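Structure first, then comments.
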Amino acid sequence: QVVLKAYITDGRAPRKDDMAVTVSTLPELKAPKGSGGFLVKNLYLSCDPYMRGRMRPPSPASYIPSFLPSRLCQPIEGFGVSEVVDSDNPEFQAGDFIAGMTGWEEYTLIQKPQQLRKISRNHAVPLSYHLGLLGMPGFTAYCGLYELCSPKAGEFVFVSAASGAVGQIVGQLAKLEGCRVVGSAGSATKVEMLTSKMGFDAAFNYKEEADLDAALKRYFPQGIDIYFDNVGGEMLDAALLNMRVKGRIAVCGMVSQHAVTDSGPGIRNISNVIVKRIKMQGFLQSDFLHLYPRFLDHVTAHFLAGDIVYVEDVDDGLESAPAALAGLFTGENIGKKVVRVVPP
Ligand code: NDP
C-alpha cells in the first residue's frame, strides 16, 4: 500500500517522502458475505495533479475534499483500472474490469462505488487508457474544449502543459476541428513529441523563453482565439495580452502555482478580459459528467480510426508511485503518468 504520512501544510508540491510504502495482509481474497462490496485487484493507478489538493488539511475553501484524517496512513485514493476478483454485489462479477476510484494498493475492497464504470474490453484500446485518453483527463480536455471554447475551423488555439494527460488531447481534438494549434511544454523531448507525434502545428519550450509575451507574439502573430490553460501564473498573464477580440480561455488548472510560496507579481493583464471581450471560465470536469457517454463515443471512434494518438509514461510497481506522483510537479512525466501495479 502507498500511504500519505501527514498533510502537507505549506503551499509546496508533494515530494516522494510525503508518502510511504507499507505492507498489510488481507485475511482472504474474498468480499465479505452480506457486505454488498466487491474485492478488486488493482492493475493500473493514475497519478493526477488534483491529488495534491487532497493532501492539504481539510478546508472549506478547497474545491476538493482533503483525504479524511482517518485516511492518513491508509492507502491513498485515486483513479485506477482494476479487475473484480470476488463480489457480494450482483452488479459486479468476478472477471469484470472497472475504472474508478480505488486505493493505492494491490487489492481494494470497494463498498461504495464512486465514479465507477465497467469497461467493455476492446483489445484495441489498452486498459490503462481508461485513466487517460478515455478517463478523467481525456474527458477534461473534451468538455473544456467543446463546452467552454466552441472551437471553429481556422481558429488559433494555444495549449499549455500540452504534452501532458489533458493537453495532448486538447490539441489533437482542436486539430480535428481544423484549428491551428500551438503547445508549450517544459523540455525539448516534449516539444518534439507535440509536433512529430501529436500533429501540433508548432510547439515551444517555455523554460527557454525569457519573455513569454514575445514568444506568444512569435507563434501567434494574429493573436489567440482559444487558450486552454493548464498552468496559470505567468503563462496565463502572457496569454491575456495576446488574446483576440471575443477569445475564449478555459481555465483548467494552475499547476505552476503549487510551488509558489509568495503571491508574486500576480495577474497584471486581466483588464484584457474587458478590452477584448474575452470569455474566461474556470471549470471542473465533474460538472459535465452527463456528457461522459458522448465523450467516450467521440474519442474512442477517433482513436480507433487512427486520428488520435495517446502517449503514456508508465512506471512499474507500487513502490514507484510516490516518485511518479511527485514528478508531475517537476515535469518528469512525458505524457500521462500511470503506475502499473503488477509488472508484466
Ligand atoms: P500533466 O500530465 O500535464 O502533468 C503535469 C505537467 O505540468 C508536468 O508534466 C509539467 O509539464 C507541467 N508543470 C509542472 N510544474 C509546472 C510549472 N511550474 N509551470 C508550468 N508547467 C508545469 O497533468 P494533467 O494533464 O493531468 O493536468 C494538467 C492540468 O489540468 C493540471 O493543472 C490539472 O490540475 C488540471 N486538471 C483540471 C481538471 C478540471 O476538472 N479542471 C481535471 C484534470 C486536470 P512541463 O514539462 O510541460 O512543464
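Letters A, B, ... mark the chains of the C-alpha cells in the order given; residue numbers begin at 1 per chain; ligand numbers begin at 1, in order shown.
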
Next on the checklist: At a cut-off of 6 Å and counting only C-alpha atoms and all ligand atoms, what residues surround ligand 1? Please answer as a PyMOL selection string.
Outcome noted: chain A and resi 48-50+137+140+161+164-167+185-187+230-231+252-256+283-285+328-333+335-336

Item to check | Spatial neighbours of stretch 147-158 of chain A, max dist 9 Å, only C-alpha atoms, sep filter under 6 positions, as a PyMOL selection string | outcome: chain A and resi 171+174-184+216+220+222-229+239+247-250+279-283+288

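By chain and then residue number, the residues within 10 Å of A:Leu29 are A:Leu39, A:Val40, A:Lys41, A:Val85, A:Asp86, A:Tyr107, A:Thr108, A:Leu109, counting only C-alpha atoms and disregarding those fewer than 5 positions away in sequence.
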
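Proximity of A:Asp213, A:Ser46, A:Lys16, A:Glu106 to A:His130, computed with only C-alpha atoms, is greatest for A:Ser46.
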
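Taking the backbone of this structure through DSSP, the residues of stretch 38-101 of chain A that come out as strand (DSSP E) are Phe38, Leu39, Val40, Lys41, Asn42, Leu43, Tyr44, Leu45, Ser46, Glu77, Gly78, Phe79, Gly80, Val81, Ser82, Glu83, Val84, Val85, Asp86, Ser87, Phe97, Ile98, Ala99, Gly100 and Met101 of chain A.
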
Item to check | Interatomic distance (Å, one decimal) between atom CA of A:Arg117 and atom CA of A:Gly103 | outcome: 15.7 Å

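Reported to one decimal place, the separation of atom CA of A:Lys118 from atom CA of A:Ile98 is 4.4 Å.
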
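Relative to atom CA of A:Gly306, atom CA of A:Ala124 is found at 11.1 Å.
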
Next on the checklist: Give me the residues near A:Gly138 as an MDAnalysis selection string, where near means some atom within 10 Å (using only C-alpha atoms) and where sequence neighbours in that chain fewer than 5 positions away do not count.
Outcome noted: chainID A and resid 129:133 143:144 165:170 285 295:296 299 310

Checklist entry - Excluding same-chain residues fewer than 4 positions from A:Gly80, what lies within 10 Å of it counting only C-alpha atoms, as a ChimeraX atom specification? => result /A:42-47,98-104,116,128,130-131,135,338-341

Put those residues in a file: C-alpha atoms, as a PDB file, in the first residue's frame.
```
ATOM      1  CA  ASN A  42      -5.723  -3.037  -8.937  1.00  0.00           C
ATOM      2  CA  LEU A  43      -3.941  -3.151 -12.277  1.00  0.00           C
ATOM      3  CA  TYR A  44      -3.155   0.489 -13.089  1.00  0.00           C
ATOM      4  CA  LEU A  45      -3.188   3.588 -10.879  1.00  0.00           C
ATOM      5  CA  SER A  46      -3.437   7.139 -12.136  1.00  0.00           C
ATOM      6  CA  CYS A  47      -1.182   9.991 -10.979  1.00  0.00           C
ATOM      7  CA  ILE A  98     -13.683  -1.460 -13.938  1.00  0.00           C
ATOM      8  CA  ALA A  99     -12.344   2.098 -13.929  1.00  0.00           C
ATOM      9  CA  GLY A 100     -12.989   4.407 -10.996  1.00  0.00           C
ATOM     10  CA  MET A 101     -11.906   5.387  -7.507  1.00  0.00           C
ATOM     11  CA  THR A 102      -9.791   2.777  -5.801  1.00  0.00           C
ATOM     12  CA  GLY A 103      -6.886   2.594  -3.355  1.00  0.00           C
ATOM     13  CA  TRP A 104      -3.147   2.783  -3.961  1.00  0.00           C
ATOM     14  CA  LEU A 116     -17.001   3.871 -11.343  1.00  0.00           C
ATOM     15  CA  SER A 128      -4.572   1.845 -18.906  1.00  0.00           C
ATOM     16  CA  HIS A 130      -9.171   4.324 -19.280  1.00  0.00           C
ATOM     17  CA  LEU A 131      -7.136   6.506 -16.885  1.00  0.00           C
ATOM     18  CA  GLY A 135     -10.602   8.611 -18.413  1.00  0.00           C
ATOM     19  CA  VAL A 338       0.387   5.777 -14.835  1.00  0.00           C
ATOM     20  CA  VAL A 339       1.644   3.168 -12.361  1.00  0.00           C
ATOM     21  CA  ARG A 340       1.325  -0.463 -13.431  1.00  0.00           C
ATOM     22  CA  VAL A 341       0.796  -2.274 -10.139  1.00  0.00           C
TER      23      VAL A 341
END
```

Next on the checklist: Give me, as a PyMOL selection string, the residues of stretch 190-304 of chain A that a backbone DSSP run labels alpha helix (DSSP H).
Outcome noted: chain A and resi 190-196+212-219+233-242+272-275+292-304

How would the residues just chosen look if you wrote them out with N, CA and C atoms as a CSV table (one decimal), in the first residue's frame?
```
chain,number,residue,atom,x,y,z
A,190,LYS,N,9.6,16.8,-25.1
A,190,LYS,CA,8.1,17.0,-25.2
A,190,LYS,C,7.7,17.9,-26.4
A,191,VAL,N,8.5,18.9,-26.6
A,191,VAL,CA,8.2,19.8,-27.8
A,191,VAL,C,8.3,19.0,-29.1
A,192,GLU,N,9.3,18.2,-29.2
A,192,GLU,CA,9.4,17.4,-30.4
A,192,GLU,C,8.3,16.5,-30.6
A,193,MET,N,7.8,15.9,-29.5
A,193,MET,CA,6.7,14.9,-29.5
A,193,MET,C,5.4,15.6,-29.9
A,194,LEU,N,5.2,16.8,-29.5
A,194,LEU,CA,4.0,17.5,-29.9
A,194,LEU,C,3.9,17.7,-31.4
A,195,THR,N,5.0,18.1,-32.0
A,195,THR,CA,4.9,18.3,-33.5
A,195,THR,C,5.0,17.0,-34.3
A,196,SER,N,5.9,16.1,-33.8
A,196,SER,CA,6.1,14.9,-34.7
A,196,SER,C,5.1,13.9,-34.5
A,212,LEU,N,7.7,35.5,-22.2
A,212,LEU,CA,6.6,34.7,-22.7
A,212,LEU,C,5.7,35.5,-23.7
A,213,ASP,N,5.5,36.8,-23.4
A,213,ASP,CA,4.7,37.6,-24.3
A,213,ASP,C,5.3,37.6,-25.7
A,214,ALA,N,6.6,37.8,-25.8
A,214,ALA,CA,7.3,37.8,-27.1
A,214,ALA,C,7.2,36.5,-27.7
A,215,ALA,N,7.3,35.4,-27.0
A,215,ALA,CA,7.2,34.0,-27.6
A,215,ALA,C,5.8,33.9,-28.2
A,216,LEU,N,4.7,34.2,-27.4
A,216,LEU,CA,3.4,34.1,-28.0
A,216,LEU,C,3.2,35.0,-29.2
A,217,LYS,N,3.8,36.1,-29.2
A,217,LYS,CA,3.6,37.0,-30.4
A,217,LYS,C,4.3,36.4,-31.6
A,218,ARG,N,5.4,35.6,-31.3
A,218,ARG,CA,6.1,34.9,-32.4
A,218,ARG,C,5.2,33.8,-33.0
A,219,TYR,N,4.6,33.1,-32.1
A,219,TYR,CA,3.8,31.9,-32.6
A,219,TYR,C,2.4,32.3,-33.0
A,233,GLY,N,-0.6,31.4,-13.7
A,233,GLY,CA,0.6,32.2,-13.4
A,233,GLY,C,1.0,33.0,-14.6
A,234,GLU,N,2.3,33.1,-14.9
A,234,GLU,CA,2.9,34.0,-15.9
A,234,GLU,C,2.4,33.6,-17.3
A,235,MET,N,2.2,32.4,-17.6
A,235,MET,CA,1.7,32.0,-18.9
A,235,MET,C,0.3,32.5,-19.2
A,236,LEU,N,-0.5,32.4,-18.2
A,236,LEU,CA,-1.9,33.0,-18.3
A,236,LEU,C,-1.8,34.5,-18.5
A,237,ASP,N,-0.9,35.1,-17.8
A,237,ASP,CA,-0.8,36.6,-17.9
A,237,ASP,C,-0.3,37.0,-19.3
A,238,ALA,N,0.6,36.2,-19.9
A,238,ALA,CA,1.1,36.5,-21.2
A,238,ALA,C,0.0,36.2,-22.3
A,239,ALA,N,-0.7,35.1,-22.0
A,239,ALA,CA,-1.8,34.8,-23.0
A,239,ALA,C,-2.9,35.9,-23.0
A,240,LEU,N,-3.2,36.4,-21.8
A,240,LEU,CA,-4.2,37.5,-21.8
A,240,LEU,C,-3.8,38.7,-22.7
A,241,LEU,N,-2.5,38.9,-22.8
A,241,LEU,CA,-2.0,40.0,-23.6
A,241,LEU,C,-2.2,39.7,-25.1
A,242,ASN,N,-2.2,38.4,-25.4
A,242,ASN,CA,-2.2,38.0,-26.8
A,242,ASN,C,-3.6,37.5,-27.4
A,272,ASN,N,-7.6,42.9,-20.0
A,272,ASN,CA,-7.8,42.5,-21.4
A,272,ASN,C,-9.1,41.7,-21.5
A,273,VAL,N,-9.6,41.2,-20.4
A,273,VAL,CA,-10.9,40.4,-20.5
A,273,VAL,C,-12.0,41.4,-20.9
A,274,ILE,N,-11.9,42.7,-20.4
A,274,ILE,CA,-12.9,43.7,-20.8
A,274,ILE,C,-12.6,44.2,-22.2
A,275,VAL,N,-11.3,44.7,-22.4
A,275,VAL,CA,-11.0,45.3,-23.6
A,275,VAL,C,-11.3,44.4,-24.8
A,292,TYR,N,-20.4,12.2,-20.4
A,292,TYR,CA,-19.3,11.2,-20.5
A,292,TYR,C,-19.6,10.2,-21.6
A,293,PRO,N,-20.8,9.7,-21.7
A,293,PRO,CA,-21.1,8.7,-22.8
A,293,PRO,C,-20.8,9.3,-24.2
A,294,ARG,N,-21.1,10.5,-24.4
A,294,ARG,CA,-20.9,11.2,-25.7
A,294,ARG,C,-19.4,11.3,-25.9
A,295,PHE,N,-18.7,11.7,-24.9
A,295,PHE,CA,-17.2,11.8,-24.9
A,295,PHE,C,-16.6,10.4,-25.3
A,296,LEU,N,-17.0,9.4,-24.6
A,296,LEU,CA,-16.4,8.0,-24.9
A,296,LEU,C,-16.6,7.6,-26.3
A,297,ASP,N,-17.8,7.9,-26.9
A,297,ASP,CA,-18.1,7.5,-28.3
A,297,ASP,C,-17.2,8.3,-29.2
A,298,HIS,N,-17.1,9.6,-28.9
A,298,HIS,CA,-16.4,10.5,-29.8
A,298,HIS,C,-14.9,10.2,-29.9
A,299,VAL,N,-14.3,10.1,-28.7
A,299,VAL,CA,-12.9,9.9,-28.6
A,299,VAL,C,-12.5,8.5,-29.0
A,300,THR,N,-13.3,7.5,-28.6
A,300,THR,CA,-12.9,6.1,-28.9
A,300,THR,C,-13.0,6.0,-30.5
A,301,ALA,N,-14.0,6.5,-31.1
A,301,ALA,CA,-14.1,6.4,-32.6
A,301,ALA,C,-12.9,7.1,-33.2
A,302,HIS,N,-12.4,8.2,-32.8
A,302,HIS,CA,-11.3,8.9,-33.4
A,302,HIS,C,-10.0,8.1,-33.1
A,303,PHE,N,-9.9,7.5,-31.9
A,303,PHE,CA,-8.7,6.7,-31.6
A,303,PHE,C,-8.7,5.5,-32.5
A,304,LEU,N,-9.8,4.8,-32.6
A,304,LEU,CA,-9.8,3.5,-33.4
A,304,LEU,C,-9.6,3.9,-34.9
```
